[in-house]
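Working notes, beginning with the structure itself.
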Amino acid sequence: MKPDSSPIKSPKVKKEDKASKKRKSLESEDEDFKPVSKAKKAKKEVKKEKKGSDKKGSASSGTESSPKKRVKKEKEEEREVWKWWEEEKKDDGVKWKTLEHKGPVFAPPYEPLPDNVKFYYDGKQMKLAEETEEVATFYGKMLDHDYTTKDAFNTNFFRDWKKVMTKAEKEVITDLKKCNFKEICEYFKMKSEERKAMSKDQKKEIKEANEAITKEYGFCIIDGHKEKIGNFRIEPPGLFRGRGEHPKQGMLKRRVQAEDIIINCGKDSEIPEAPKGHKWKEVRHDNQVTWLASWNENIQGQTKYIMLNAASKLKGEKDWAKYEVARKLHKCVDKIRANYHEDFKSKEMRIRQRAVALYFIDKLALRAGNEKEEGETADTVGCCSLRVEHTKLYEEKDSKPYVVEFDFLGKDSIRYTNAIPVEKRVFKNLELFTQNKQPSDDLFDRLNTTILNKHLHDLMEGLTAKVFRTYNASRTLQEQLNLLTDPDDPVASKILSYNRANRAVAVLCNHQRAVPKTFAKSMQNMMTKIEDKKKTIQEAKRNVKDAKVDYKQSKSEKNRSNLDRKKKILERLEEQLQKLEVAATDRDENKDIALGTSKLNYLDPRISVAWCKKFDVPIEKIYNKTQREKFRWAIDMATAEFQF
DNA sequence: GCACCAGACTCAGAAACTTCTAT
DNA sequence: TATAGAAGTTTCTGAGTCTGGTG
């Protein structure tokens, strides 16, 4: 094999016809992505779903308690539904023709602390200038949080805090350890308690005021349709809370003003009004992008955007296209797999590395792993950026041959640990890649995401590393549902099967969550219930036994029916126990796994919709109201026969 | 042709908030 | 019926992926 010492080269990307390639691929690929014909069939079902689905009400169905009002609201919403998926699709880069909105909502101005809430330095009370005090409250509010125990957080905070202090304050306040924020912390806790203890009317008043703001600023008119905006509030100032060991945690996120904001709207639309005494940084009319407003944040210099809600056409269409690309991969994945298996034997190191990385991305649903600027973010990696220290190789482990053990921090500093047996060639290649390297060296030193994605583009139009994650997630759900669903099961058991299938995906994608604070307690409650139920069952068993004796002795009709009744009671209790035990298992298995992320971002909703239709499971058992809005296109178009 | 970088978008878990349920 | 706290939902914003422009 050639040692291949050539430096990493960026791929040659033919820029000119990427858009047209993408367009062609979407147009030609799959019938299901063509609107109207199939979708119309399902129209009736969607209406039915809408009427029946919200019987219980939901978080956002809000204040109206009377059924009449609720029905009226639902009808209004129904009228507003824009069935964009039935319209002809264009992919010419133009995202909208007309766009009108009211601009963002700014964070409320700082309200100084009351005089009785004091800050102390070195034991002495100190009155702070308004801006200094505001930043002190950011820290005070977080006093009980883990963040304030971290050195990086405290150092960064103190440095940025000093920047806003007056000269005199700077001279006095020189050591964070001597600062006493306790009264500030207590004050905000008290405020929070006060909010909780407010009367119904007070709460209602606040809610209505919020709703009025949402009504005015929370929607835009895009191509003549009213659509919800996802985040119409500008992020308030505060302390930057990075995930994991972020080197910038604790830095001051400054207040965003109108002068920082770029407004994007239609040429002929009314331009949103800037707050009094202010003006926008810029007003532009760029219909090649989907955002309504943007600004640069001061911590990492990134652009922040105000965009539409997930239920909007722009987001929905993209989502639909995403799953179509994943389905397209399904059709050629065998060939691609054969291709990278062949590449395991390549003479060129860079090809072998590419093949092994792709093998992991495919098999383990790892993220691509872009390069990151050192020292600017937490030290996390994905597949292409794995280092030697993130893997261990075992010729044999737990009586399995050729095991690779992964241990690294992925996105959001979530730890990924997994030990998997791999093919011998993969194992031998990994040995080769790690030879003569330090633990901190790149495992795939001749590979990066640009090279990998360039290769994937050559294999299939529209294919990137990310598509494998979507594909394998959706594929797993489909397979698990096929495997686990028993058509004769009651709805509750079917839902349990669905959740298990969903969980398999969440495990694959390593979607974790912190164990809920109340978990141990609620688990204990469940166990108590189970124990109680068991005791009741024992008693019921005794009752059955007694009834049997009575019946044997008298053989009377009355005693027979009594025996039957006791038997039925016992049966029901045993069923209840089983349900409780299943629920307990379910909860325990779920304690550190987040199902929502995969459901929302990786699972083709048509799989779930089809499954619901096929097995007569009400869709609202699987998707809540927001999810149903997001996946309305899928609910409308997918029939029971849909297979991913 | 290549490296670099900014922009635009998706995906992510925590925290805040609302509703439901048990007592 | 009131209340507490558990469970479910929504919001928030940080952290990724990928593309395309520039020199």
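Chain labels follow the order of the structure tokens: the first chain is A, the next B, and so on; residue numbering restarts at 1 in every chain, and ligands are counted from 1 in their shown order.
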
Based on only C-alpha atoms (C1' of nucleotides), which of the residues in chain C come within 9 Å of chain A? I want them as a list in words. DA6, DG8, DT9, DT10, DT11, DC12, DT13, DG14, DA15, DG16, DT17, DC18 and DG20 of chain C

Taking only C-alpha atoms (C1' of nucleotides) into account, which residues of chain B are within 8 Å of chain A, as a ChimeraX atom specification? /B:1-3,7-8,11-13,18-19

Extract the full set of alpha helix (DSSP H) residues from range 283-400 of chain A according to DSSP on the backbone, and format it as a ChimeraX atom specification. /A:313-343,349-364

Grab the residues selected above and save them as a PDB file, in the first residue's frame with C-alpha atoms.
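Just written: result_19.pdb:
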```pdb
ATOM      1  CA  LYS A 313     -44.438  26.017   4.767  1.00  0.00           C
ATOM      2  CA  LEU A 314     -40.773  26.962   4.492  1.00  0.00           C
ATOM      3  CA  LYS A 315     -39.747  24.622   7.301  1.00  0.00           C
ATOM      4  CA  GLY A 316     -42.179  21.864   6.368  1.00  0.00           C
ATOM      5  CA  GLU A 317     -41.108  21.739   2.767  1.00  0.00           C
ATOM      6  CA  LYS A 318     -37.475  21.416   3.813  1.00  0.00           C
ATOM      7  CA  ASP A 319     -38.375  18.681   6.269  1.00  0.00           C
ATOM      8  CA  TRP A 320     -40.252  16.745   3.634  1.00  0.00           C
ATOM      9  CA  ALA A 321     -37.335  17.062   1.222  1.00  0.00           C
ATOM     10  CA  LYS A 322     -34.965  15.835   3.936  1.00  0.00           C
ATOM     11  CA  TYR A 323     -36.893  12.589   4.323  1.00  0.00           C
ATOM     12  CA  GLU A 324     -37.129  12.149   0.576  1.00  0.00           C
ATOM     13  CA  VAL A 325     -33.344  12.293   0.317  1.00  0.00           C
ATOM     14  CA  ALA A 326     -33.128   9.700   3.094  1.00  0.00           C
ATOM     15  CA  ARG A 327     -35.572   7.450   1.239  1.00  0.00           C
ATOM     16  CA  LYS A 328     -33.509   7.878  -1.880  1.00  0.00           C
ATOM     17  CA  LEU A 329     -30.500   6.677   0.071  1.00  0.00           C
ATOM     18  CA  HIS A 330     -32.459   3.568   0.969  1.00  0.00           C
ATOM     19  CA  LYS A 331     -32.558   2.671  -2.693  1.00  0.00           C
ATOM     20  CA  CYS A 332     -28.805   2.832  -3.184  1.00  0.00           C
ATOM     21  CA  VAL A 333     -27.463   2.089   0.272  1.00  0.00           C
ATOM     22  CA  ASP A 334     -26.494  -1.487  -0.626  1.00  0.00           C
ATOM     23  CA  LYS A 335     -24.327  -0.227  -3.424  1.00  0.00           C
ATOM     24  CA  ILE A 336     -22.758   2.418  -1.210  1.00  0.00           C
ATOM     25  CA  ARG A 337     -22.051  -0.167   1.474  1.00  0.00           C
ATOM     26  CA  ALA A 338     -20.458  -2.491  -1.051  1.00  0.00           C
ATOM     27  CA  ASN A 339     -18.443   0.458  -2.255  1.00  0.00           C
ATOM     28  CA  TYR A 340     -16.964   1.337   1.140  1.00  0.00           C
ATOM     29  CA  HIS A 341     -16.313  -2.330   1.908  1.00  0.00           C
ATOM     30  CA  GLU A 342     -14.256  -2.451  -1.247  1.00  0.00           C
ATOM     31  CA  ASP A 343     -12.424   0.704  -0.134  1.00  0.00           C
ATOM     32  CA  MET A 349      -4.630   5.509   3.126  1.00  0.00           C
ATOM     33  CA  ARG A 350      -7.021   8.424   2.553  1.00  0.00           C
ATOM     34  CA  ILE A 351      -9.526   6.120   0.813  1.00  0.00           C
ATOM     35  CA  ARG A 352      -9.317   3.570   3.619  1.00  0.00           C
ATOM     36  CA  GLN A 353      -9.867   6.270   6.214  1.00  0.00           C
ATOM     37  CA  ARG A 354     -12.823   7.595   4.286  1.00  0.00           C
ATOM     38  CA  ALA A 355     -14.291   4.108   4.063  1.00  0.00           C
ATOM     39  CA  VAL A 356     -13.882   3.323   7.768  1.00  0.00           C
ATOM     40  CA  ALA A 357     -15.307   6.687   8.800  1.00  0.00           C
ATOM     41  CA  LEU A 358     -18.281   6.139   6.538  1.00  0.00           C
ATOM     42  CA  TYR A 359     -18.728   2.672   7.992  1.00  0.00           C
ATOM     43  CA  PHE A 360     -19.051   4.205  11.463  1.00  0.00           C
ATOM     44  CA  ILE A 361     -21.344   6.979  10.275  1.00  0.00           C
ATOM     45  CA  ASP A 362     -23.574   4.361   8.673  1.00  0.00           C
ATOM     46  CA  LYS A 363     -23.413   1.709  11.374  1.00  0.00           C
ATOM     47  CA  LEU A 364     -23.421   3.911  14.478  1.00  0.00           C
TER      48      LEU A 364
END
```

Can you list, as a PyMOL selection string, every protein, DNA or RNA residue that comes within 10 Å of range 527-534 of chain A when you count only C-alpha atoms (C1' of nucleotides), leaving out same-chain residues fewer than 5 positions away? chain A and resi 521-522+539-540+573-574+576-581+584

Would you write out those residues with all heavy atoms, as a compact mmCIF listing (two decimals), in the first residue's frame?
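Written output follows (result01.txt):
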```
# COMPACT_ATOMS: atom_id res chain seq x y z
N LYS A 521 -38.15 9.62 43.31
CA LYS A 521 -39.36 9.69 44.11
C LYS A 521 -40.55 9.08 43.36
O LYS A 521 -41.31 8.27 43.92
CB LYS A 521 -39.65 11.15 44.47
CG LYS A 521 -40.52 11.29 45.69
CD LYS A 521 -40.82 12.73 45.99
CE LYS A 521 -42.00 12.82 46.93
NZ LYS A 521 -42.56 14.17 46.97
N SER A 522 -40.69 9.46 42.11
CA SER A 522 -41.86 8.96 41.37
C SER A 522 -41.74 7.45 41.13
O SER A 522 -42.73 6.73 41.10
CB SER A 522 -42.06 9.72 40.06
OG SER A 522 -41.15 9.31 39.10
N GLU A 539 -54.92 -11.10 48.42
CA GLU A 539 -56.22 -11.15 49.08
C GLU A 539 -57.28 -11.69 48.11
O GLU A 539 -58.10 -12.55 48.48
CB GLU A 539 -56.59 -9.74 49.53
CG GLU A 539 -57.51 -9.71 50.73
CD GLU A 539 -57.83 -8.27 51.12
OE1 GLU A 539 -56.87 -7.49 51.36
OE2 GLU A 539 -59.02 -7.93 51.15
N ALA A 540 -57.22 -11.21 46.89
CA ALA A 540 -58.20 -11.65 45.88
C ALA A 540 -58.07 -13.15 45.63
O ALA A 540 -59.06 -13.85 45.41
CB ALA A 540 -57.99 -10.86 44.60
N LEU A 573 -57.29 -7.40 38.50
CA LEU A 573 -56.18 -6.94 39.32
C LEU A 573 -54.83 -7.35 38.73
O LEU A 573 -53.87 -6.58 38.73
CB LEU A 573 -56.32 -7.50 40.75
CG LEU A 573 -57.39 -6.83 41.61
CD1 LEU A 573 -57.63 -7.64 42.88
CD2 LEU A 573 -56.97 -5.40 41.98
N GLU A 574 -54.80 -8.59 38.23
CA GLU A 574 -53.54 -9.06 37.64
C GLU A 574 -53.18 -8.25 36.40
O GLU A 574 -52.01 -7.93 36.16
CB GLU A 574 -53.63 -10.56 37.33
CG GLU A 574 -53.35 -11.37 38.58
CD GLU A 574 -53.57 -12.86 38.42
OE1 GLU A 574 -54.37 -13.24 37.53
OE2 GLU A 574 -53.00 -13.63 39.20
N GLN A 576 -54.06 -5.15 35.94
CA GLN A 576 -53.60 -3.84 36.43
C GLN A 576 -52.15 -3.91 36.89
O GLN A 576 -51.36 -3.01 36.63
CB GLN A 576 -54.50 -3.38 37.58
CG GLN A 576 -55.86 -2.90 37.11
CD GLN A 576 -56.83 -2.66 38.27
OE1 GLN A 576 -56.56 -3.07 39.41
NE2 GLN A 576 -57.94 -2.01 37.98
N LEU A 577 -51.82 -5.00 37.55
CA LEU A 577 -50.45 -5.16 38.03
C LEU A 577 -49.48 -5.20 36.85
O LEU A 577 -48.43 -4.54 36.87
CB LEU A 577 -50.32 -6.45 38.86
CG LEU A 577 -48.89 -6.78 39.30
CD1 LEU A 577 -48.37 -5.75 40.30
CD2 LEU A 577 -48.80 -8.17 39.94
N GLN A 578 -49.89 -5.95 35.85
CA GLN A 578 -49.02 -6.07 34.68
C GLN A 578 -48.79 -4.70 34.05
O GLN A 578 -47.67 -4.33 33.71
CB GLN A 578 -49.66 -7.02 33.68
CG GLN A 578 -48.64 -7.60 32.73
CD GLN A 578 -49.32 -8.29 31.55
OE1 GLN A 578 -50.54 -8.35 31.46
NE2 GLN A 578 -48.52 -8.79 30.65
N LYS A 579 -49.88 -3.93 33.96
CA LYS A 579 -49.79 -2.58 33.39
C LYS A 579 -48.83 -1.72 34.20
O LYS A 579 -47.99 -1.01 33.64
CB LYS A 579 -51.16 -1.92 33.38
CG LYS A 579 -51.82 -1.95 32.02
CD LYS A 579 -53.04 -1.06 32.03
CE LYS A 579 -53.86 -1.27 30.76
NZ LYS A 579 -55.15 -0.58 30.85
N LEU A 580 -48.98 -1.80 35.51
CA LEU A 580 -48.12 -1.00 36.38
C LEU A 580 -46.65 -1.40 36.21
O LEU A 580 -45.77 -0.54 36.15
CB LEU A 580 -48.53 -1.20 37.85
CG LEU A 580 -49.71 -0.37 38.35
CD1 LEU A 580 -50.10 -0.80 39.75
CD2 LEU A 580 -49.35 1.12 38.36
N GLU A 581 -46.44 -2.71 36.13
CA GLU A 581 -45.06 -3.18 35.99
C GLU A 581 -44.45 -2.75 34.66
O GLU A 581 -43.29 -2.33 34.60
CB GLU A 581 -45.00 -4.70 36.16
CG GLU A 581 -45.11 -5.09 37.63
CD GLU A 581 -45.16 -6.60 37.86
OE1 GLU A 581 -45.59 -7.34 36.96
OE2 GLU A 581 -44.79 -7.02 38.97
N ALA A 584 -43.65 0.87 34.86
CA ALA A 584 -42.44 1.10 35.66
C ALA A 584 -41.19 0.78 34.84
O ALA A 584 -40.22 1.54 34.86
CB ALA A 584 -42.49 0.25 36.93
```

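The space between CA of Asn499 in chain A and CA of Asn418 in chain A spans 22.3 Å.
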
Write down as an MDAnalysis selection string the residues of range 307-492 of chain A whose backbone DSSP state falls under strand (DSSP E). chainID A and resid 391:397 400:409 415:421

What lies within 10 Å of Lys228 in chain A using only C-alpha atoms (C1' of nucleotides), ignoring chain neighbours under 2 positions off, as a VMD selection string? chain A and resid 214 to 215 217 to 222 225 to 226 230 to 232 307 to 312

Please save N, CA, C and O atoms of the selected residues as a tab-separated table (two decimals), in the first residue's frame.
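Wrote it out as selection.tsv, contents follow:
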```tsv
chain	number	residue	atom	x	y	z
A	214	THR	N	-48.05	38.32	21.30
A	214	THR	CA	-47.89	37.25	20.31
A	214	THR	C	-48.76	37.52	19.08
A	214	THR	O	-48.33	37.31	17.95
A	215	LYS	N	-49.96	38.00	19.35
A	215	LYS	CA	-50.87	38.27	18.24
A	215	LYS	C	-50.27	39.30	17.29
A	215	LYS	O	-50.37	39.19	16.07
A	217	TYR	N	-46.87	40.41	17.18
A	217	TYR	CA	-45.51	40.19	16.69
A	217	TYR	C	-45.21	38.74	16.32
A	217	TYR	O	-44.19	38.46	15.71
A	218	GLY	N	-46.06	37.83	16.74
A	218	GLY	CA	-45.76	36.40	16.58
A	218	GLY	C	-46.11	35.82	15.23
A	218	GLY	O	-45.93	34.62	15.02
A	219	PHE	N	-46.63	36.64	14.33
A	219	PHE	CA	-47.02	36.12	13.02
A	219	PHE	C	-46.48	37.01	11.92
A	219	PHE	O	-46.20	38.19	12.14
A	220	CYS	N	-46.34	36.43	10.75
A	220	CYS	CA	-45.99	37.23	9.59
A	220	CYS	C	-46.93	36.84	8.45
A	220	CYS	O	-47.64	35.84	8.54
A	221	ILE	N	-46.93	37.66	7.41
A	221	ILE	CA	-47.71	37.30	6.22
A	221	ILE	C	-46.71	36.98	5.13
A	221	ILE	O	-45.93	37.84	4.72
A	222	ILE	N	-46.70	35.73	4.72
A	222	ILE	CA	-45.73	35.30	3.72
A	222	ILE	C	-46.49	34.74	2.52
A	222	ILE	O	-47.34	33.87	2.68
A	225	HIS	N	-50.09	34.32	3.09
A	225	HIS	CA	-50.58	33.44	4.16
A	225	HIS	C	-50.01	33.87	5.50
A	225	HIS	O	-48.84	34.23	5.59
A	226	LYS	N	-50.86	33.76	6.52
A	226	LYS	CA	-50.41	34.11	7.86
A	226	LYS	C	-49.67	32.91	8.47
A	226	LYS	O	-50.23	31.81	8.52
A	230	GLY	N	-41.20	31.51	14.73
A	230	GLY	CA	-40.68	30.60	15.75
A	230	GLY	C	-40.19	31.33	16.99
A	230	GLY	O	-40.56	31.01	18.12
A	231	ASN	N	-39.35	32.32	16.79
A	231	ASN	CA	-38.74	33.04	17.92
A	231	ASN	C	-38.77	34.53	17.63
A	231	ASN	O	-37.84	35.04	17.05
A	232	PHE	N	-39.83	35.19	18.03
A	232	PHE	CA	-39.91	36.61	17.66
A	232	PHE	C	-39.34	37.53	18.74
A	232	PHE	O	-39.34	38.74	18.59
A	307	MET	N	-36.73	33.34	12.73
A	307	MET	CA	-37.23	32.51	11.62
A	307	MET	C	-38.65	32.04	11.90
A	307	MET	O	-39.18	32.25	12.99
A	308	LEU	N	-39.19	31.32	10.93
A	308	LEU	CA	-40.56	30.85	11.06
A	308	LEU	C	-40.66	29.62	11.96
A	308	LEU	O	-39.68	28.92	12.20
A	309	ASN	N	-41.87	29.38	12.41
A	309	ASN	CA	-42.19	28.21	13.22
A	309	ASN	C	-42.08	26.92	12.39
A	309	ASN	O	-42.19	26.95	11.17
A	310	ALA	N	-41.87	25.81	13.09
A	310	ALA	CA	-41.67	24.53	12.41
A	310	ALA	C	-42.88	24.10	11.58
A	310	ALA	O	-42.76	23.31	10.65
A	311	ALA	N	-44.06	24.65	11.91
A	311	ALA	CA	-45.27	24.25	11.18
A	311	ALA	C	-45.43	25.05	9.87
A	311	ALA	O	-46.36	24.80	9.11
A	312	SER	N	-44.51	25.97	9.63
A	312	SER	CA	-44.65	26.82	8.44
A	312	SER	C	-44.30	26.06	7.17
A	312	SER	O	-43.67	25.01	7.20
```

In Å, with one decimal, what is the gap from CA of Ile261 in chain A to CA of Ser294 in chain A?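 Answer for the CA of Ile261 in chain A to CA of Ser294 in chain A separation: 5.7 Å.
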
Spatial neighbours of Lys191 in chain A, 12 Å, only C-alpha atoms (C1' of nucleotides), chain gap at least 6 places, as a list of chain:residue names: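 Counting only the stated atoms, we get A:Leu113, A:Pro114, A:Lys141, A:Ile184, A:Cys185, A:Ala197, A:Met198.
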
Since we have the selection now, will you write its residues out, keeping all heavy atoms, as a CSV table (one decimal), in the first residue's frame?
```csv
chain,number,residue,atom,x,y,z
A,113,LEU,N,-32.8,47.2,41.2
A,113,LEU,CA,-33.2,46.5,42.5
A,113,LEU,C,-33.8,47.5,43.4
A,113,LEU,O,-33.4,48.7,43.5
A,113,LEU,CB,-32.0,45.9,43.1
A,113,LEU,CG,-31.3,44.8,42.4
A,113,LEU,CD1,-30.0,44.4,43.0
A,113,LEU,CD2,-32.2,43.5,42.3
A,114,PRO,N,-34.8,47.1,44.3
A,114,PRO,CA,-35.3,48.0,45.3
A,114,PRO,C,-34.2,48.3,46.3
A,114,PRO,O,-33.2,47.5,46.4
A,114,PRO,CB,-36.4,47.2,45.9
A,114,PRO,CG,-36.2,45.8,45.5
A,114,PRO,CD,-35.4,45.8,44.3
A,141,LYS,N,-28.7,35.8,40.0
A,141,LYS,CA,-29.8,34.8,39.7
A,141,LYS,C,-29.3,33.4,39.5
A,141,LYS,O,-30.0,32.5,39.6
A,141,LYS,CB,-30.4,35.3,38.3
A,141,LYS,CG,-31.4,36.4,38.4
A,141,LYS,CD,-31.9,36.8,37.0
A,141,LYS,CE,-32.6,38.1,37.0
A,141,LYS,NZ,-32.9,38.6,35.7
A,184,ILE,N,-29.3,39.5,46.4
A,184,ILE,CA,-29.8,39.6,45.0
A,184,ILE,C,-30.5,38.2,44.6
A,184,ILE,O,-31.6,38.2,44.1
A,184,ILE,CB,-28.7,39.9,44.0
A,184,ILE,CG1,-28.1,41.3,44.4
A,184,ILE,CG2,-29.2,39.8,42.6
A,184,ILE,CD1,-26.9,41.7,43.5
A,185,CYS,N,-29.8,37.2,45.0
A,185,CYS,CA,-30.3,35.8,44.7
A,185,CYS,C,-31.7,35.6,45.4
A,185,CYS,O,-32.6,35.1,44.8
A,185,CYS,CB,-29.3,34.8,45.1
A,185,CYS,SG,-29.8,33.1,44.9
A,197,ALA,N,-47.5,32.6,43.3
A,197,ALA,CA,-48.6,32.7,44.3
A,197,ALA,C,-49.7,33.7,43.8
A,197,ALA,O,-50.6,34.0,44.5
A,197,ALA,CB,-48.1,33.1,45.6
A,198,MET,N,-49.5,34.3,42.6
A,198,MET,CA,-50.5,35.3,42.1
A,198,MET,C,-51.9,34.7,42.0
A,198,MET,O,-52.0,33.5,41.8
A,198,MET,CB,-50.0,35.8,40.8
A,198,MET,CG,-49.1,37.0,40.8
A,198,MET,SD,-48.7,37.7,39.2
A,198,MET,CE,-48.2,36.3,38.3
```

For CA of Asp604 in chain A and CA of Phe644 in chain A, the interatomic separation in Å (one decimal):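 Pair CA of Asp604 in chain A / CA of Phe644 in chain A returns 7.6 Å.
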
Spatial neighbours of Gly238 in chain A, 8 Å, only C-alpha atoms (C1' of nucleotides), chain gap at least 2 places, as a list of chain:residue names: A:Val135, A:Phe138, A:Pro236, A:Phe240, A:Leu252, A:Lys253, A:Arg254
